[in-house]
Structures are given as structure tokens and as C-alpha cells.
Amino acid sequence: DDSFAEAVFQITDGIPFKSVGPAVQTITDSETEYGSLKSEVKLSISVFDALIPRMSSLMTSTASTKPVGGEGSMDLELTMQTTEVKESSISSLPGLAFVDTLAFPTEEVFERIKAGEGTATVTARNKLLDGGRLRLTRAPDGNLFIFVRE
């Protein structure tokens with residue numbers, strides 16, 4: 001049941017006056033059961049630039065990865081672990097330095113709210129093209145993402 005995860009993402013999607021930058025993902029040890037994925041997205045919020053400066057942060061989510069699908073498969077089981085606020089412009093304001101240390105325990109919260117193991121886990125279907133330079137990822141909801149290796 002992906003409806004809970006969808007509701008959580010709607011919170012971010014519902015923020016008015018925002019812009020979302022490109023996603024940068026780093027995947028390590030994906031061929032083992034101890035792999036990880038770090039996803040970073042720059043989020044900027046602009047209410048009224050003439051009076052309030054644009055606010056931005058680097059939203060960083062981490063997940064553990066585990067290969068699924070058998071030999072030759074690039075599919076990964078992702079278990080969301082945390083989402084953190086980093087490089088926040090708000091943290092430069094007096095008394096708000098703690099903002100850059102905020103971490104949301106995604107896996108723990110999802111499993112408590114949905115009362116079950118595995119609620120923070122999804123399978124990403126992956127295909128590598130152009131010698132591994134391009135990665136196509138099909139999310140459980142059917143969305144297709146294209147990543148380019150830098």
C-alpha cells in the first residue's frame with residue numbers, strides 16, 4: 001500500500017512558492033546487502049523576495065539498498081532511513097543553527113504509523129544504458145526517472 005508514502009510526499013509537493021532543483025544520487029555497494037543510496041535535492045522557497053530573502057536547503061534522504069531480482073538484475077530494494085535538512089539558509093539566522101542538524105527518522109516513523117515492518121521499503125526497477133552512463137528507474141507508482149552519471 002503506497003498511499004501512506006504518497007500522502008507524506010504530498011506535504012512537500014504542497015509547499016507553495018517553491019522550486020525544486022535536480023536530484024543528485026550516490027549509490028554505494030549496490031551489489032551487496034549493505035549498500036546505500038543518498039539522494040540530495042535543493043529546495044528553495046520564495047514568499048516575497050523584496051521583503052523576505054529566498055530560503056533554501058539541501059534535503060538529503062538516505063536509504064539502505066539490497067539487490068533483488070536475481071542474477072543480472074539492477075533492481076534494488078530501498079529502505080528509507082532518514083531525511084535531513086542540510087546547508088539551510090535559515091541556519092545562518094541567530095538562534096537557528098540547529099536547523100542543519102535536523103533529521104527525520106523516516107523508517108522508524110513509517111513503521112510506527114503504519115504498524116508494520118517494511119512500510120518504508122520499496123523496490124526500484126533499474127536499467128542501465130549507454131555503458132552505465134544512464135540509469136532509468138521505474139518507481140513503484142509507475143513514475144520513470146532518468147539519471148545521468150557525472
# chains A, B, ... in the order shown; residues from 1 in each chain; ligands from 1

$ select_by_dssp --residues "chain A" --states "alpha helix (DSSP H)" --output "ChimeraX atom specification"
/A:3-13,106-113

$ write_last_selection --atoms "all heavy atoms" --output "compact mmCIF listing (two decimals), in the first residue's frame"
# COMPACT_ATOMS: atom_id res chain seq x y z
N SER A 3 -0.18 4.30 -0.45
CA SER A 3 -0.96 5.51 -0.19
C SER A 3 -0.38 6.35 0.95
O SER A 3 -0.44 7.56 0.92
CB SER A 3 -2.42 5.16 0.10
OG SER A 3 -2.51 4.34 1.24
N PHE A 4 0.20 5.69 1.96
CA PHE A 4 0.79 6.45 3.06
C PHE A 4 1.99 7.26 2.58
O PHE A 4 2.11 8.44 2.86
CB PHE A 4 1.19 5.53 4.21
CG PHE A 4 1.86 6.27 5.33
CD1 PHE A 4 1.14 7.13 6.14
CD2 PHE A 4 3.22 6.12 5.55
CE1 PHE A 4 1.76 7.82 7.16
CE2 PHE A 4 3.84 6.81 6.57
CZ PHE A 4 3.12 7.66 7.38
N ALA A 5 2.89 6.60 1.84
CA ALA A 5 4.05 7.30 1.32
C ALA A 5 3.62 8.44 0.41
O ALA A 5 4.19 9.53 0.46
CB ALA A 5 4.95 6.33 0.56
N GLU A 6 2.61 8.21 -0.40
CA GLU A 6 2.10 9.27 -1.29
C GLU A 6 1.60 10.47 -0.49
O GLU A 6 1.86 11.61 -0.85
CB GLU A 6 0.99 8.70 -2.17
CG GLU A 6 0.55 9.64 -3.26
CD GLU A 6 1.63 9.96 -4.28
OE1 GLU A 6 2.51 9.12 -4.54
OE2 GLU A 6 1.61 11.09 -4.81
N ALA A 7 0.93 10.21 0.63
CA ALA A 7 0.43 11.31 1.47
C ALA A 7 1.58 12.11 2.06
O ALA A 7 1.51 13.34 2.14
CB ALA A 7 -0.45 10.74 2.58
N VAL A 8 2.65 11.42 2.46
CA VAL A 8 3.81 12.12 3.00
C VAL A 8 4.44 13.02 1.94
O VAL A 8 4.78 14.17 2.20
CB VAL A 8 4.84 11.11 3.56
CG1 VAL A 8 6.14 11.80 3.92
CG2 VAL A 8 4.26 10.39 4.77
N PHE A 9 4.60 12.50 0.72
CA PHE A 9 5.21 13.30 -0.34
C PHE A 9 4.33 14.49 -0.73
O PHE A 9 4.82 15.51 -1.18
CB PHE A 9 5.52 12.44 -1.56
CG PHE A 9 6.59 11.41 -1.29
CD1 PHE A 9 6.38 10.09 -1.61
CD2 PHE A 9 7.79 11.77 -0.71
CE1 PHE A 9 7.35 9.14 -1.36
CE2 PHE A 9 8.77 10.83 -0.45
CZ PHE A 9 8.54 9.51 -0.77
N GLN A 10 3.03 14.38 -0.57
CA GLN A 10 2.13 15.49 -0.88
C GLN A 10 2.37 16.68 0.03
O GLN A 10 2.09 17.81 -0.35
CB GLN A 10 0.68 15.03 -0.82
CG GLN A 10 0.29 14.20 -2.01
CD GLN A 10 -1.15 13.71 -1.94
OE1 GLN A 10 -1.85 13.94 -0.96
NE2 GLN A 10 -1.58 13.02 -2.97
N ILE A 11 2.90 16.44 1.22
CA ILE A 11 3.22 17.55 2.13
C ILE A 11 4.25 18.45 1.48
O ILE A 11 4.07 19.66 1.39
CB ILE A 11 3.71 17.02 3.49
CG1 ILE A 11 2.58 16.29 4.21
CG2 ILE A 11 4.27 18.16 4.35
CD1 ILE A 11 3.01 15.53 5.44
N THR A 12 5.35 17.85 0.99
CA THR A 12 6.38 18.64 0.32
C THR A 12 5.85 19.23 -0.98
O THR A 12 6.09 20.39 -1.29
CB THR A 12 7.62 17.77 0.02
OG1 THR A 12 8.08 17.21 1.24
CG2 THR A 12 8.72 18.59 -0.60
N ASP A 13 5.11 18.42 -1.74
CA ASP A 13 4.56 18.90 -3.01
C ASP A 13 3.61 20.07 -2.81
O ASP A 13 3.44 20.88 -3.71
CB ASP A 13 3.83 17.77 -3.74
CG ASP A 13 4.78 16.68 -4.22
OD1 ASP A 13 6.00 16.93 -4.24
OD2 ASP A 13 4.29 15.60 -4.56
N THR A 106 12.79 8.55 9.07
CA THR A 106 11.77 8.07 8.14
C THR A 106 11.35 6.63 8.41
O THR A 106 10.16 6.35 8.56
CB THR A 106 12.28 8.20 6.70
OG1 THR A 106 12.79 9.52 6.50
CG2 THR A 106 11.18 7.92 5.70
N GLU A 107 12.31 5.72 8.45
CA GLU A 107 11.97 4.30 8.61
C GLU A 107 11.20 4.07 9.91
O GLU A 107 10.15 3.43 9.92
CB GLU A 107 13.23 3.44 8.60
CG GLU A 107 12.95 1.96 8.75
CD GLU A 107 14.22 1.12 8.69
OE1 GLU A 107 15.33 1.65 8.83
OE2 GLU A 107 14.07 -0.09 8.48
N GLU A 108 11.70 4.62 10.99
CA GLU A 108 11.07 4.43 12.30
C GLU A 108 9.65 4.99 12.33
O GLU A 108 8.72 4.33 12.79
CB GLU A 108 11.93 5.11 13.37
CG GLU A 108 11.40 4.98 14.77
CD GLU A 108 12.27 5.72 15.77
OE1 GLU A 108 13.52 5.75 15.59
OE2 GLU A 108 11.72 6.26 16.73
N VAL A 109 9.46 6.18 11.81
CA VAL A 109 8.14 6.81 11.82
C VAL A 109 7.16 6.06 10.92
O VAL A 109 6.03 5.79 11.31
CB VAL A 109 8.24 8.30 11.42
CG1 VAL A 109 6.86 8.90 11.20
CG2 VAL A 109 8.99 9.08 12.49
N PHE A 110 7.60 5.70 9.70
CA PHE A 110 6.71 4.97 8.79
C PHE A 110 6.24 3.67 9.43
O PHE A 110 5.07 3.32 9.37
CB PHE A 110 7.42 4.66 7.47
CG PHE A 110 7.36 5.77 6.46
CD1 PHE A 110 7.28 7.09 6.84
CD2 PHE A 110 7.43 5.49 5.12
CE1 PHE A 110 7.24 8.10 5.90
CE2 PHE A 110 7.39 6.49 4.16
CZ PHE A 110 7.30 7.80 4.57
N GLU A 111 7.15 2.96 10.06
CA GLU A 111 6.78 1.67 10.64
C GLU A 111 5.89 1.83 11.86
O GLU A 111 5.03 0.99 12.11
CB GLU A 111 8.02 0.84 10.90
CG GLU A 111 8.64 0.40 9.58
CD GLU A 111 9.81 -0.54 9.70
OE1 GLU A 111 10.14 -0.96 10.81
OE2 GLU A 111 10.38 -0.85 8.64
N ARG A 112 6.05 2.90 12.61
CA ARG A 112 5.15 3.13 13.76
C ARG A 112 3.76 3.54 13.31
O ARG A 112 2.77 3.07 13.84
CB ARG A 112 5.73 4.19 14.68
CG ARG A 112 6.85 3.69 15.53
CD ARG A 112 7.28 4.72 16.52
NE ARG A 112 8.44 4.23 17.23
CZ ARG A 112 8.87 4.74 18.34
NH1 ARG A 112 8.24 5.76 18.89
NH2 ARG A 112 9.93 4.24 18.94
N ILE A 113 3.69 4.42 12.34
CA ILE A 113 2.38 4.91 11.88
C ILE A 113 1.62 3.80 11.15
O ILE A 113 0.43 3.61 11.35
CB ILE A 113 2.55 6.15 10.98
CG1 ILE A 113 3.02 7.32 11.84
CG2 ILE A 113 1.25 6.49 10.28
CD1 ILE A 113 3.36 8.56 11.06

$ select_by_dssp --residues "region 55-141 of chain A" --states "strand (DSSP E)" --output "ChimeraX atom specification"
/A:55-67,76-86,103-104,121-129,134-138

$ atom_distance --atom1 "CA of Gln25 (chain A)" --atom2 "CA of Glu40 (chain A)"
6.3 Å

$ atom_distance --atom1 "CA of Asn126 (chain A)" --atom2 "CA of Val41 (chain A)"
20.1 Å

$ closest_residue --among "A:Met74, A:Val24, A:Ser88, A:Phe17" --to "Ser46 (chain A)" --atoms "only C-alpha atoms"
A:Phe17

$ residues_around --residues "region 32-38 of chain A" --least-positions-apart "4" --cutoff "7 Å" --atoms "only C-alpha atoms" --output "list of chain:residue names"
A:Gln25, A:Thr26, A:Ile27, A:Thr28, A:Thr60, A:Ser61, A:Thr62, A:Ala63, A:Ser64, A:Thr65, A:Lys66, A:Pro67

$ atom_distance --atom1 "CA of Thr123 (chain A)" --atom2 "CA of Thr82 (chain A)"
17.3 Å

$ closest_residue --among "A:Val122, A:Ile90, A:Val148, A:Val68" --to "Leu134 (chain A)" --atoms "only C-alpha atoms"
A:Val148
